[in-house]
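Source file structure_28.pdb; content: PDB, C-alpha atoms.
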ATOM      1  CA  MET V1318      51.744 -34.185  42.002
ATOM      2  CA  ASP V1319      48.376 -35.180  43.372
ATOM      3  CA  LEU V1320      49.990 -38.275  44.899
ATOM      4  CA  PHE V1321      52.243 -36.199  47.163
ATOM      5  CA  LEU V1322      49.301 -34.022  48.205
ATOM      6  CA  ARG V1323      47.250 -37.127  49.015
ATOM      7  CA  MET V1324      50.077 -38.457  51.185
ATOM      8  CA  ALA V1325      50.288 -35.115  53.003
ATOM      9  CA  LEU V1326      46.528 -35.028  53.561
ATOM     10  CA  ASN V1327      46.534 -38.645  54.761
ATOM     11  CA  ASN V1328      49.287 -37.649  57.137
ATOM     12  CA  ALA V1329      47.241 -34.713  58.445
ATOM     13  CA  TRP V1330      44.133 -36.877  58.869
ATOM     14  CA  ALA V1331      46.057 -39.636  60.692
ATOM     15  CA  ASN V1332      47.597 -37.112  63.074
ATOM     16  CA  ARG V1333      44.228 -35.484  63.738
ATOM     17  CA  THR V1334      42.631 -38.892  64.330
ATOM     18  CA  LEU V1335      45.360 -39.889  66.759
ATOM     19  CA  TYR V1336      45.193 -36.589  68.633
ATOM     20  CA  ASP V1337      41.416 -36.932  68.875
ATOM     21  CA  ALA V1338      41.955 -40.261  70.652
ATOM     22  CA  PHE V1339      44.214 -38.549  73.191
ATOM     23  CA  ARG V1340      41.141 -36.741  74.552
ATOM     24  CA  ASP V1341      40.147 -40.050  76.157
ATOM     25  CA  LEU V1342      43.360 -40.245  78.184
ATOM     26  CA  PRO V1343      43.048 -39.733  81.916
ATOM     27  CA  PRO V1344      44.845 -36.692  83.375
ATOM     28  CA  GLY V1345      48.614 -37.093  83.334
ATOM     29  CA  ALA V1346      48.553 -40.118  81.009
ATOM     30  CA  PHE V1347      49.965 -38.239  78.015
ATOM     31  CA  SER V1348      53.241 -37.626  79.873
ATOM     32  CA  ALA V1349      53.241 -40.831  81.931
ATOM     33  CA  PRO V1350      55.980 -43.415  81.320
ATOM     34  CA  ARG V1351      55.152 -45.865  78.527
ATOM     35  CA  PRO V1352      57.060 -48.616  76.770
ATOM     36  CA  GLY V1353      58.531 -47.644  73.439
ATOM     37  CA  PHE V1354      61.394 -45.941  71.687
ATOM     38  CA  PHE V1355      60.396 -42.704  73.427
ATOM     39  CA  PRO V1356      59.329 -43.199  77.039
ATOM     40  CA  SER V1357      55.956 -41.390  76.844
ATOM     41  CA  LEU V1358      53.276 -40.384  74.378
ATOM     42  CA  ALA V1359      54.263 -36.764  74.930
ATOM     43  CA  GLU V1360      57.868 -37.466  73.947
ATOM     44  CA  THR V1361      56.833 -39.544  70.934
ATOM     45  CA  MET V1362      54.475 -36.866  69.638
ATOM     46  CA  ASN V1363      56.935 -34.021  70.332
ATOM     47  CA  HIS V1364      59.530 -35.949  68.320
ATOM     48  CA  ILE V1365      57.134 -36.332  65.388
ATOM     49  CA  TYR V1366      56.362 -32.619  65.491
ATOM     50  CA  GLU V1367      59.998 -31.517  65.717
ATOM     51  CA  VAL V1368      61.145 -33.743  62.876
ATOM     52  CA  ASP V1369      58.251 -32.475  60.767
ATOM     53  CA  LEU V1370      59.389 -28.905  61.440
ATOM     54  CA  TYR V1371      62.929 -29.835  60.430
ATOM     55  CA  TYR V1372      61.957 -31.397  57.106
ATOM     56  CA  ILE V1373      59.230 -28.882  56.253
ATOM     57  CA  ASP V1374      61.756 -26.098  56.818
ATOM     58  CA  ALA V1375      64.226 -27.887  54.536
ATOM     59  CA  LEU V1376      61.563 -28.357  51.850
ATOM     60  CA  GLU V1377      60.559 -24.696  52.074
ATOM     61  CA  GLU V1378      64.247 -23.678  52.197
ATOM     62  CA  GLY V1379      63.513 -21.671  55.315
ATOM     63  CA  GLY V1380      67.038 -21.853  56.698
ATOM     64  CA  LEU V1381      66.148 -22.782  60.283
ATOM     65  CA  GLY V1382      67.849 -26.155  60.110
ATOM     66  CA  ARG V1383      68.444 -27.909  63.402
ATOM     67  CA  SER V1384      67.418 -24.828  65.393
ATOM     68  CA  VAL V1385      63.838 -26.144  65.165
ATOM     69  CA  TYR V1386      64.851 -28.534  67.947
ATOM     70  CA  ASP V1387      65.630 -25.632  70.290
ATOM     71  CA  ARG V1388      62.187 -25.572  71.858
ATOM     72  CA  ALA V1389      60.588 -26.636  75.082
ATOM     73  CA  PRO V1390      58.601 -29.874  74.834
ATOM     74  CA  VAL V1391      54.827 -29.504  74.976
ATOM     75  CA  SER V1392      53.047 -31.635  77.570
ATOM     76  CA  ASP V1393      49.470 -30.625  76.731
ATOM     77  CA  HIS V1394      48.198 -32.868  73.928
ATOM     78  CA  ALA V1395      45.565 -30.337  72.833
ATOM     79  CA  VAL V1396      48.199 -27.628  72.381
ATOM     80  CA  LEU V1397      50.642 -29.980  70.666
ATOM     81  CA  GLY V1398      47.849 -31.296  68.458
ATOM     82  CA  GLN V1399      47.071 -27.778  67.253
ATOM     83  CA  MET V1400      50.744 -27.145  66.560
ATOM     84  CA  GLN V1401      50.950 -30.427  64.633
ATOM     85  CA  ALA V1402      47.837 -29.529  62.624
ATOM     86  CA  GLU V1403      49.467 -26.239  61.605
ATOM     87  CA  ALA V1404      52.635 -28.061  60.528
ATOM     88  CA  ASP V1405      50.526 -30.598  58.614
ATOM     89  CA  LEU V1406      48.770 -27.766  56.792
ATOM     90  CA  ARG V1407      52.140 -26.239  55.836
ATOM     91  CA  PHE V1408      53.252 -29.617  54.502
ATOM     92  CA  ALA V1409      50.031 -30.069  52.506
ATOM     93  CA  ARG V1410      50.317 -26.570  51.026
ATOM     94  CA  PHE V1411      53.895 -27.287  50.019
ATOM     95  CA  CYS V1412      52.845 -30.528  48.319
ATOM     96  CA  GLN V1413      49.907 -28.825  46.611
ATOM     97  CA  ALA V1414      52.239 -26.300  45.002
ATOM     98  CA  LEU V1415      54.708 -28.926  43.717
ATOM     99  CA  THR V1416      55.496 -29.183  40.045
ATOM    100  CA  GLU V1417      57.133 -32.036  38.162
ATOM    101  CA  GLU V1418      60.307 -29.966  37.984
ATOM    102  CA  ASP V1419      60.428 -29.579  41.772
ATOM    103  CA  LEU V1420      60.679 -33.289  42.561
ATOM    104  CA  PRO V1421      64.325 -33.940  41.604
ATOM    105  CA  ARG V1422      65.473 -30.537  42.848
ATOM    106  CA  ARG V1423      67.852 -30.783  45.771
ATOM    107  CA  VAL V1424      67.484 -28.771  48.971
ATOM    108  CA  ARG V1425      69.880 -28.370  51.855
ATOM    109  CA  THR V1426      69.415 -30.367  55.031
ATOM    110  CA  GLU V1427      71.532 -29.226  57.950
ATOM    111  CA  ARG V1428      73.708 -32.175  58.925
ATOM    112  CA  GLU V1429      77.267 -32.536  60.167
ATOM    113  CA  ASP V1430      78.387 -32.015  56.566
ATOM    114  CA  PRO V1431      77.083 -28.542  55.679
ATOM    115  CA  GLU V1432      76.844 -29.445  51.993
ATOM    116  CA  THR V1433      74.296 -32.223  52.477
ATOM    117  CA  THR V1434      71.368 -31.958  50.082
ATOM    118  CA  GLU V1435      68.455 -34.260  49.320
ATOM    119  CA  ARG V1436      65.920 -34.512  46.539
ATOM    120  CA  ILE V1437      62.536 -33.000  47.361
ATOM    121  CA  ASP V1438      60.640 -36.171  46.436
ATOM    122  CA  ALA V1439      62.874 -38.243  48.725
ATOM    123  CA  LEU V1440      62.414 -35.822  51.636
ATOM    124  CA  ILE V1441      58.641 -35.959  51.267
ATOM    125  CA  LEU V1442      58.647 -39.753  51.248
ATOM    126  CA  HIS V1443      60.971 -39.794  54.248
ATOM    127  CA  LEU V1444      58.821 -37.355  56.229
ATOM    128  CA  VAL V1445      55.702 -39.448  55.599
ATOM    129  CA  GLN V1446      57.492 -42.707  56.469
ATOM    130  CA  HIS V1447      58.890 -41.151  59.652
ATOM    131  CA  GLN V1448      55.379 -40.147  60.672
ATOM    132  CA  VAL V1449      53.953 -43.619  60.013
ATOM    133  CA  HIS V1450      56.807 -45.231  61.930
ATOM    134  CA  HIS V1451      56.345 -43.153  65.074
ATOM    135  CA  ARG V1452      52.537 -43.001  64.937
ATOM    136  CA  GLY V1453      52.684 -46.798  65.114
ATOM    137  CA  GLN V1454      54.686 -46.500  68.316
ATOM    138  CA  ALA V1455      52.198 -43.956  69.696
ATOM    139  CA  HIS V1456      49.402 -46.382  68.774
ATOM    140  CA  VAL V1457      50.915 -49.010  71.073
ATOM    141  CA  GLN V1458      51.531 -46.456  73.818
ATOM    142  CA  LEU V1459      47.917 -45.314  73.600
ATOM    143  CA  GLN V1460      46.679 -48.882  73.929
ATOM    144  CA  GLU V1461      49.009 -49.421  76.898
ATOM    145  CA  ALA V1462      47.411 -46.338  78.486
ATOM    146  CA  GLY V1463      44.029 -48.057  78.279
ATOM    147  CA  VAL V1464      42.592 -46.167  75.287
ATOM    148  CA  ALA V1465      41.559 -48.060  72.175
ATOM    149  CA  PRO V1466      43.817 -46.818  69.374
ATOM    150  CA  PRO V1467      41.991 -45.553  66.293
ATOM    151  CA  GLN V1468      42.203 -47.022  62.798
ATOM    152  CA  LEU V1469      44.716 -44.923  60.881
ATOM    153  CA  ASP V1470      44.679 -46.744  57.552
ATOM    154  CA  GLU V1471      41.199 -45.992  56.220
ATOM    155  CA  PHE V1472      41.992 -42.957  54.091
ATOM    156  CA  HIS V1473      42.956 -43.709  50.490
ATOM    157  CA  ILE V1474      40.585 -46.376  49.230
ATOM    158  CA  GLU V1475      36.882 -45.710  48.809
ATOM    159  CA  TYR V1476      35.701 -48.941  50.407
ATOM    160  CA  ASP V1477      35.289 -48.433  54.144
ATOM    161  CA  ARG V1478      36.956 -44.992  54.105
ATOM    162  CA  ALA V1479      36.692 -43.387  57.526
ATOM    163  CA  PRO V1480      33.939 -40.749  57.544
ATOM    164  CA  THR V1481      36.381 -38.304  59.164
ATOM    165  CA  ALA V1482      38.676 -38.662  56.130
ATOM    166  CA  GLU V1483      36.037 -37.237  53.786
ATOM    167  CA  ALA V1484      36.832 -33.673  54.866
ATOM    168  CA  TYR V1485      40.386 -34.134  53.617
ATOM    169  CA  TRP V1486      39.135 -35.193  50.170
ATOM    170  CA  ALA V1487      36.885 -32.160  49.625
TER     171      ALA V1487
END

For the file at hand, write its structure as structure tokens.
Amino acid sequence: MDLFLRMALNNAWANRTLYDAFRDLPPGAFSAPRPGFFPSLAETMNHIYEVDLYYIDALEEGGLGRSVYDRAPVSDHAVLGQMQAEADLRFARFCQALTEEDLPRRVRTEREDPETTERIDALILHLVQHQVHHRGQAHVQLQEAGVAPPQLDEFHIEYDRAPTAEAYWA
């Protein structure tokens, strides 16, 4: 189960690293129009956060379902970054508590078909892949805003591991 925890911690570190880079944005740049699937960094990062809430709730069997999307978008990257960090911690705690028996267990995901369920291991992999996908888009948007995007792939291997990743390995 350590593998799932490592993925969750990598996810938390990558989000923190990306949010740290947002501090270098000039005022208003987080919400300014940018090329990409979502038209601003703020919209991209709010989407990541909301989808995380959706899947974390499903994994925890919290019952909130799609109501997690009924929220006002956050335009302050520091505030949204703190909210994302809290969600990342929830995800890591969930992964830390996993057992071998949990992985194939199916949990409900609120879709058009109310009986839709997914395996826990598949939901975890999907959540992580979703994050990587959209962080890549935010990476390009950050560069377009004039801020050098940070390396987000120096977490797992020992050679050249980012010093900031060490705290997530303790």

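Counting from CA of Ala1404 in chain V, the distance to CA of Ala1329 in chain V is 8.8 Å.
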
Find, counting all atoms listed in the file, the residue in V:Pro1344, V:Gly1398, V:Pro1466, V:Pro1431 that gets nearest to Asn1332 in chain V. V:Gly1398

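If you apply the PyMOL selection byres ((chain V and resi 1369) around 9) to this structure, you end up with His1364, Ile1365, Tyr1366, Glu1367, Val1368, Leu1370, Tyr1371, Tyr1372, Ile1373, Asp1374, Gln1401, Ala1404, Asp1405, Phe1408, Leu1444, His1447 and Gln1448 of chain V.
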
Applied to this file, what does the PyMOL selection byres ((chain V and resi 1458) around 12) return in terms of residues, put as a compact mmCIF listing (two decimals) with C-alpha atoms, keeping the file's coordinate frame?
# COMPACT_ATOMS: atom_id res chain seq x y z
CA LEU V 1335 45.36 -39.89 66.76
CA ALA V 1338 41.96 -40.26 70.65
CA PHE V 1339 44.21 -38.55 73.19
CA LEU V 1342 43.36 -40.24 78.18
CA ALA V 1346 48.55 -40.12 81.01
CA PHE V 1347 49.96 -38.24 78.02
CA SER V 1348 53.24 -37.63 79.87
CA ALA V 1349 53.24 -40.83 81.93
CA PRO V 1350 55.98 -43.42 81.32
CA ARG V 1351 55.15 -45.86 78.53
CA PRO V 1352 57.06 -48.62 76.77
CA GLY V 1353 58.53 -47.64 73.44
CA PHE V 1354 61.39 -45.94 71.69
CA PHE V 1355 60.40 -42.70 73.43
CA PRO V 1356 59.33 -43.20 77.04
CA SER V 1357 55.96 -41.39 76.84
CA LEU V 1358 53.28 -40.38 74.38
CA ALA V 1359 54.26 -36.76 74.93
CA GLU V 1360 57.87 -37.47 73.95
CA THR V 1361 56.83 -39.54 70.93
CA MET V 1362 54.48 -36.87 69.64
CA HIS V 1451 56.34 -43.15 65.07
CA ARG V 1452 52.54 -43.00 64.94
CA GLY V 1453 52.68 -46.80 65.11
CA GLN V 1454 54.69 -46.50 68.32
CA ALA V 1455 52.20 -43.96 69.70
CA HIS V 1456 49.40 -46.38 68.77
CA VAL V 1457 50.92 -49.01 71.07
CA LEU V 1459 47.92 -45.31 73.60
CA GLN V 1460 46.68 -48.88 73.93
CA GLU V 1461 49.01 -49.42 76.90
CA ALA V 1462 47.41 -46.34 78.49
CA GLY V 1463 44.03 -48.06 78.28
CA VAL V 1464 42.59 -46.17 75.29
CA ALA V 1465 41.56 -48.06 72.18
CA PRO V 1466 43.82 -46.82 69.37

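Between CA of Glu1377 in chain V and CA of Phe1411 in chain V lies a distance of 7.4 Å.
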
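Nearest residue to Leu1440 in chain V among V:Tyr1336, V:Leu1397, V:Trp1486, V:Leu1376 is V:Leu1376, counting all atoms listed in the file.
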
For the provided coordinates, the residues matched by the PyMOL selection byres ((chain V and resi 1469) around 8) should be stated as a PDB file with C-alpha atoms, in the coordinates of the input.
ATOM      1  CA  ALA V1331      46.057 -39.636  60.692  1.00  0.00           C
ATOM      2  CA  THR V1334      42.631 -38.892  64.330  1.00  0.00           C
ATOM      3  CA  LEU V1335      45.360 -39.889  66.759  1.00  0.00           C
ATOM      4  CA  PRO V1467      41.991 -45.553  66.293  1.00  0.00           C
ATOM      5  CA  GLN V1468      42.203 -47.022  62.798  1.00  0.00           C
ATOM      6  CA  ASP V1470      44.679 -46.744  57.552  1.00  0.00           C
ATOM      7  CA  GLU V1471      41.199 -45.992  56.220  1.00  0.00           C
ATOM      8  CA  PHE V1472      41.992 -42.957  54.091  1.00  0.00           C
TER       9      PHE V1472
END

One decimal place gives the CA of Met1324 in chain V-CA of Val1445 in chain V separation as 7.2 Å

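Comparing the minimum interatomic distances between Asp1393 in chain V and each of V:Arg1340, V:Arg1333, V:Arg1410, V:Arg1478, counting all atoms listed in the file, we find that V:Arg1340 sits nearest.
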